[in-house]
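Taking it in order: structure first as structure tokens, then the write-up.
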Amino acid sequence: MESVLQIRQLVKRYHGMDHPVLQGLDMTILPGERYGFLGPNGTGKTTTVSILSGLLVPDSGEVFVLGNSMPDKRKQVTTQIGVVPQNIALFPELTALENLRIFGSLYPITSARLKQRIHQLLELYGLTAFARKPVKTFSGGMKRSLNIIAGILHEPKFLLLDEPTVGIDVQTKALILDNLRQLNEEGTTILYTSHDMDEAQHFCTRVGIIDHGKLIAEDTPAALIQSCPDCSNLESVYLHLTGKSLRN
């Protein structure tokens with residue numbers, strides 16, 4: 001089975017840092033997975049997502065997304081992936097509809113199909129009644145939902161989600177996760193980062209835990225819990241592997 005993502009010995013250093021943030025990262029994601037990419041602050045999760053989406057160039061290593069080498073084949077990759085960043089990437093003064101038309105225009109999708117997708121997704125996420133409202137008037141959960149819609153308008157084969165449910169209420173979180181499961185079942189492979197270990201345990205089919213720029217554990221949530229004799233859930237496994245020291 002050909003992988004959706006193949007990372008080999010990935011290294012990335014930022015100016016002024018004593019050590020690279022990524023120190024030889026190896027990772028593989030297979031088609032159909034909901035892969036949880038977990039780790040403490042500053043261990044390279046967002047850096048990895050930025051490299052996969054073409055926003056950053058690694059110092060060394062190999063990255064293949066949907067069989068294409070990055071960043072060499074960046075144009076081919078970016079039309080096939082969706083990116084939902086941790087920070088809300090919307091134009092607050094514009095309406096939801098105007099935002100989605102702008103983001104949709106960035107992809108090779110017909111105007112008729114874009115119109116259909118916008119209508120379908122606004123309804124799915126409960127935002128139809130707010131389509132012509134400025135985004136600045138939206139609640140945090142509504143902005144999160146619209147942020148996701150903007151990343152999946154073009155029906156990506158591979159979706160990169162960087163903490164997509166942070167700071168929202170339980171109902172909105174449940175709606176978002178249910179819709180992401182459905183998207184995954186329809187054929188979209190997902191890479192998902194989060195600090196919510198309970199959410200990751202129940203949402204992800206496989207997880208990789210990164211620390212100090214390298215993957216230190218990888219398996220299904222159930223297998224990781226079983227491998228740790230004193231661990232009762234994914235959070236206890238995570239703390240066992242990464243420690244309880246605060247990270248900056």
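To be explicit about the labels: the chains of the structure tokens are called A, B, and onward in the order shown, and within each one the residues are counted from 1, while ligands get numbers from 1 in the order they are shown.
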**OP:** Might you pull out every residue within 10 Å of Leu246 of chain A, with only C-alpha atoms counted and same-chain residues fewer than 3 positions away left off, and present them as a PyMOL selection string?
**Re:** chain A and resi 40-41+243
Residues from last step as file, N, CA and C atoms, as a PDB file, in the first residue's frame:
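Okay, part.pdb is ready:
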```pdb
ATOM      1  N   PRO A  40       4.532  17.639  23.342  1.00  0.00           N
ATOM      2  CA  PRO A  40       4.538  18.878  24.121  1.00  0.00           C
ATOM      3  C   PRO A  40       4.777  20.100  23.243  1.00  0.00           C
ATOM      4  N   ASN A  41       4.547  21.273  23.811  1.00  0.00           N
ATOM      5  CA  ASN A  41       4.821  22.516  23.089  1.00  0.00           C
ATOM      6  C   ASN A  41       6.279  22.583  22.658  1.00  0.00           C
ATOM      7  N   GLY A 243       7.073  12.922  30.265  1.00  0.00           N
ATOM      8  CA  GLY A 243       7.331  13.517  31.568  1.00  0.00           C
ATOM      9  C   GLY A 243       6.327  14.595  31.919  1.00  0.00           C
TER      10      GLY A 243
END
```
Using only C-alpha atoms, find each residue of segment 141-168 of chain A with at least one atom at most 10 Å away from an atom of segment 50-60 of chain A; report its shortest atom-to-atom pair and that distance in Å (one decimal), sort the rows by chain and rising residue number, and return the result as CSV.
```
residue,atom,partner,partner_atom,distance
A:Leu159,CA,A:Ser53,CA,9.9
A:Leu160,CA,A:Ser53,CA,8.1
A:Asp162,CA,A:Ser50,CA,9.8
```
Write the residues you've just listed into a file as an mmCIF file, in the first residue's frame, and include N, CA and C atoms for each of them.
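Result file follows (result_4.cif):
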```cif
data_model
loop_
_atom_site.group_PDB
_atom_site.id
_atom_site.type_symbol
_atom_site.label_atom_id
_atom_site.label_comp_id
_atom_site.auth_asym_id
_atom_site.auth_seq_id
_atom_site.Cartn_x
_atom_site.Cartn_y
_atom_site.Cartn_z
ATOM 1 N N LEU A 159 -5.781 15.748 4.693
ATOM 2 C CA LEU A 159 -6.160 16.932 5.459
ATOM 3 C C LEU A 159 -5.249 17.086 6.670
ATOM 4 N N LEU A 160 -4.641 18.273 6.812
ATOM 5 C CA LEU A 160 -3.763 18.590 7.931
ATOM 6 C C LEU A 160 -4.525 19.479 8.910
ATOM 7 N N ASP A 162 -4.376 21.289 12.577
ATOM 8 C CA ASP A 162 -3.522 21.705 13.692
ATOM 9 C C ASP A 162 -4.412 22.239 14.816
#
```
Select from segment 144-227 of chain A every residue with an atom at most 10 Å from any atom of segment 4-20 of chain A, then for each give the shortest pair of atoms and their distance in Å to one decimal, using only C-alpha atoms, rows by chain and rising number, as a tab-separated table.
```
residue	atom	partner	partner_atom	distance
A:Lys157	CA	A:Val4	CA	8.7
A:Phe158	CA	A:Val4	CA	7.4
A:Thr189	CA	A:Val4	CA	7.6
A:Ile190	CA	A:Val4	CA	9.7
A:Leu191	CA	A:Leu5	CA	9.5
A:His212	CA	A:Pro20	CA	8.7
A:Gly213	CA	A:Pro20	CA	7.4
A:Lys214	CA	A:Leu10	CA	9.0
```
Export N, CA and C atoms of the chosen residues as a compact mmCIF listing (two decimals), in the first residue's frame?
```txt
# COMPACT_ATOMS: atom_id res chain seq x y z
N LYS A 157 -7.47 15.04 -0.61
CA LYS A 157 -7.16 13.64 -0.33
C LYS A 157 -6.49 13.49 1.03
N PHE A 158 -5.80 14.56 1.46
CA PHE A 158 -5.04 14.53 2.71
C PHE A 158 -5.31 15.84 3.44
N THR A 189 -7.66 11.09 4.12
CA THR A 189 -6.72 10.74 5.19
C THR A 189 -6.44 11.99 6.03
N ILE A 190 -6.32 11.82 7.35
CA ILE A 190 -6.21 12.97 8.24
C ILE A 190 -4.97 12.88 9.12
N LEU A 191 -4.25 13.99 9.19
CA LEU A 191 -3.20 14.20 10.18
C LEU A 191 -3.72 15.25 11.15
N HIS A 212 11.39 16.18 21.59
CA HIS A 212 12.75 16.56 21.22
C HIS A 212 13.04 16.31 19.74
N GLY A 213 12.03 16.56 18.91
CA GLY A 213 12.22 16.52 17.47
C GLY A 213 12.21 15.16 16.83
N LYS A 214 11.87 14.12 17.62
CA LYS A 214 11.84 12.76 17.08
C LYS A 214 10.58 12.04 17.54
```
**OP:** To one decimal in Å, tell me the separation between atom CA of Pro108 of chain A and atom CA of His154 of chain A.
**Re:**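 Those two atoms sit 7.7 Å apart.
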**OP:** Taking the DSSP assignment computed from this structure's backbone, write out as a list in words all residues of segment 188-235 of chain A that belong to strand (DSSP E).
**Re:**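 Result set for segment 188-235 of chain A (strand (DSSP E)): Thr189, Ile190, Leu191, Tyr192, Thr193, Arg206, Val207, Gly208, Ile209, Ile210, Asp211, Lys214, Leu215, Ile216, Ala217, Glu218 and Asp219 of chain A.
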Write the residues you've just listed into a file as a compact mmCIF listing (two decimals), in the first residue's frame, and include N, CA and C atoms for each of them.
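Full text of result30.txt as output:
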```txt
# COMPACT_ATOMS: atom_id res chain seq x y z
N THR A 189 -7.66 11.09 4.12
CA THR A 189 -6.72 10.74 5.19
C THR A 189 -6.44 11.99 6.03
N ILE A 190 -6.32 11.82 7.35
CA ILE A 190 -6.21 12.97 8.24
C ILE A 190 -4.97 12.88 9.12
N LEU A 191 -4.25 13.99 9.19
CA LEU A 191 -3.20 14.20 10.18
C LEU A 191 -3.72 15.25 11.15
N TYR A 192 -3.72 14.91 12.43
CA TYR A 192 -4.40 15.72 13.43
C TYR A 192 -3.48 15.97 14.62
N THR A 193 -3.28 17.23 15.00
CA THR A 193 -2.52 17.53 16.21
C THR A 193 -3.47 18.06 17.28
N ARG A 206 -4.59 5.85 14.80
CA ARG A 206 -3.19 5.60 15.18
C ARG A 206 -2.60 6.92 15.63
N VAL A 207 -1.66 6.87 16.56
CA VAL A 207 -1.03 8.10 17.04
C VAL A 207 0.48 7.94 17.05
N GLY A 208 1.15 9.07 16.84
CA GLY A 208 2.60 9.15 16.98
C GLY A 208 2.91 10.24 17.99
N ILE A 209 3.78 9.95 18.94
CA ILE A 209 4.16 10.92 19.96
C ILE A 209 5.56 11.41 19.67
N ILE A 210 5.69 12.74 19.52
CA ILE A 210 6.97 13.36 19.20
C ILE A 210 7.51 14.09 20.43
N ASP A 211 8.81 13.98 20.66
CA ASP A 211 9.47 14.74 21.72
C ASP A 211 10.91 14.97 21.31
N LYS A 214 11.87 14.12 17.62
CA LYS A 214 11.84 12.76 17.08
C LYS A 214 10.58 12.04 17.54
N LEU A 215 10.15 11.07 16.75
CA LEU A 215 9.02 10.24 17.13
C LEU A 215 9.50 9.22 18.16
N ILE A 216 8.87 9.22 19.36
CA ILE A 216 9.32 8.33 20.43
C ILE A 216 8.38 7.16 20.65
N ALA A 217 7.17 7.22 20.09
CA ALA A 217 6.23 6.10 20.20
C ALA A 217 5.19 6.23 19.11
N GLU A 218 4.69 5.07 18.64
CA GLU A 218 3.70 5.09 17.56
C GLU A 218 2.93 3.78 17.56
N ASP A 219 1.60 3.88 17.60
CA ASP A 219 0.75 2.69 17.52
C ASP A 219 -0.70 3.14 17.63
```
Subject >> For segment 194-204 of chain A: contacts at 10 Å, only C-alpha atoms, fewer than 4 positions along chain excluded, given as a ChimeraX atom specification >> reply: /A:33-41,45,86,161-166,173-174,177-178,180-181,190,220-222,225,233-238
Original post:
Looking at only C-alpha atoms, which of A:Pro156, A:Gly24, A:Ser145, A:Asn87 is the one that sits closest to Ile109 of chain A?
Top reply: A:Pro156
**OP:** Compare A:Leu183, A:Leu153, A:Val49, A:Ala129 by their minimum atom-to-atom distance to Leu106 of chain A, counting only C-alpha atoms, and give me the closest one.
**Re:**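 With only C-alpha atoms as the atom set, the closest residue is A:Leu153.
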Subject >> Using only C-alpha atoms: which of A:Glu155, A:Asp26, A:Asp169, A:Glu2 has the shortest distance to Gly187 of chain A >> reply: A:Glu155
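Put simply, atom CA of Thr46 of chain A is 11.3 Å away from atom CA of Val84 of chain A.
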**OP:** Tell me, in Å to one decimal, how far atom CA of Gly44 of chain A is from atom CA of Asn68 of chain A.
**Re:** 21.9 Å
Subject >> Pick from A:Leu224, A:Leu121, A:Val135, A:Val170, whichever lies nearest to Pro92 of chain A using only C-alpha atoms >> reply: A:Val135
Original post:
When distances are computed from only C-alpha atoms, which of A:Ser111, A:Asn99, A:Gln171, A:Thr78 shows the smallest separation from Leu146 of chain A?
Top reply: A:Asn99
